[in-house]
Every structure is written in structure tokens, then in C-alpha cells.
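Notes to accompany the following structure.
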Amino acid sequence: MKSIISPENRTSLLDRFHYTSETKNIIENEDLLPVGLLSRLHAAFPQYSGFREKEPFHFSERKHYSGIEG
């Protein structure tokens, strides 16, 4: 089976979530998000998967949101 998610998709996913370089290095070095796993999740739940999204998040100024005013 050909992977639906490529290593480039995984890299852009980590960038999209604004992970620090330290966090990205840990994920890569420990293989915490293997491409095969991401591909299987995307194939099983494509309607909920955001793995291949490219659009930036609409609200990215704050790290924590609470309530309507947050």
C-alpha cells in the first residue's frame, strides 16, 4: 500500500501547528508520528482528518483559549 501521507506532509503538519524546533526534533528522532500511522488514520477517517490541510489557523495569537472572550 502506498502511503497517503508523505514525510513532507508530516513536516508541513508540524510547521502548521507551530511546534518548536526542539519538539520537532524529538518527534523526528523518536519517530513519534510515523508516516504509516498518519496514512492509516487519514485513510480510516478522511472526513475528520486535517493531516493534509494547508490553510493556516484562523486564531493563532494565543496559546490558550477559554470561553467566548478568550
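For the C-alpha cells, the naming scheme is as follows: chains receive sequential letters (A, B, ...) according to their order of presentation, residues are indexed from 1 within each chain, and ligands are indexed from 1 in presentation order.
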field: Non-local contacts of Ser49 of chain A (12 Å; only C-alpha atoms; under 2 positions in same chain excluded) as a list in words
entry: Ile4, Ile5, Leu13, Leu38, Ser39, Arg40, Leu41, His42, Ala43, Ala44, Phe45, Pro46, Gln47, Phe51, Arg52 and Glu53 of chain A
task: Excluding Glu28 of chain A and residues on its chain fewer than 5 positions from it, collect all residues at most 10 Å away from it, counting only C-alpha atoms, and give them as a PyMOL selection string.
output: chain A and resi 10-11+22-23+33-34
Just write the chosen residues, C-alpha atoms, as a CSV table (one decimal), in the first residue's frame.
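In the end it all went to selection.csv:
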chain,number,residue,atom,x,y,z
A,10,ARG,CA,4.3,15.4,8.1
A,11,THR,CA,6.8,18.2,8.1
A,22,GLU,CA,13.1,21.1,19.9
A,23,THR,CA,9.6,19.5,19.7
A,33,LEU,CA,4.4,10.3,14.2
A,34,PRO,CA,5.4,7.6,11.7
- request: With a distance cut-off of 12 Å and only C-alpha atoms, select the neighbouring residues of Glu55 of chain A, excluding the residue or stretch itself and same-chain residues fewer than 4 positions from it, and output the selection as a count of residues only.
  value: 8
- request: Please measure the separation of atom CA of Glu8 of chain A and atom CA of Asn25 of chain A, giving the value in Å to one decimal.
  value: 14.7 Å
- prompt: Among segment 3-56 of chain A, which ones does DSSP place in helix (DSSP H, G or I), written as a ChimeraX atom specification?
  reply: /A:7-16,21-29,35-44
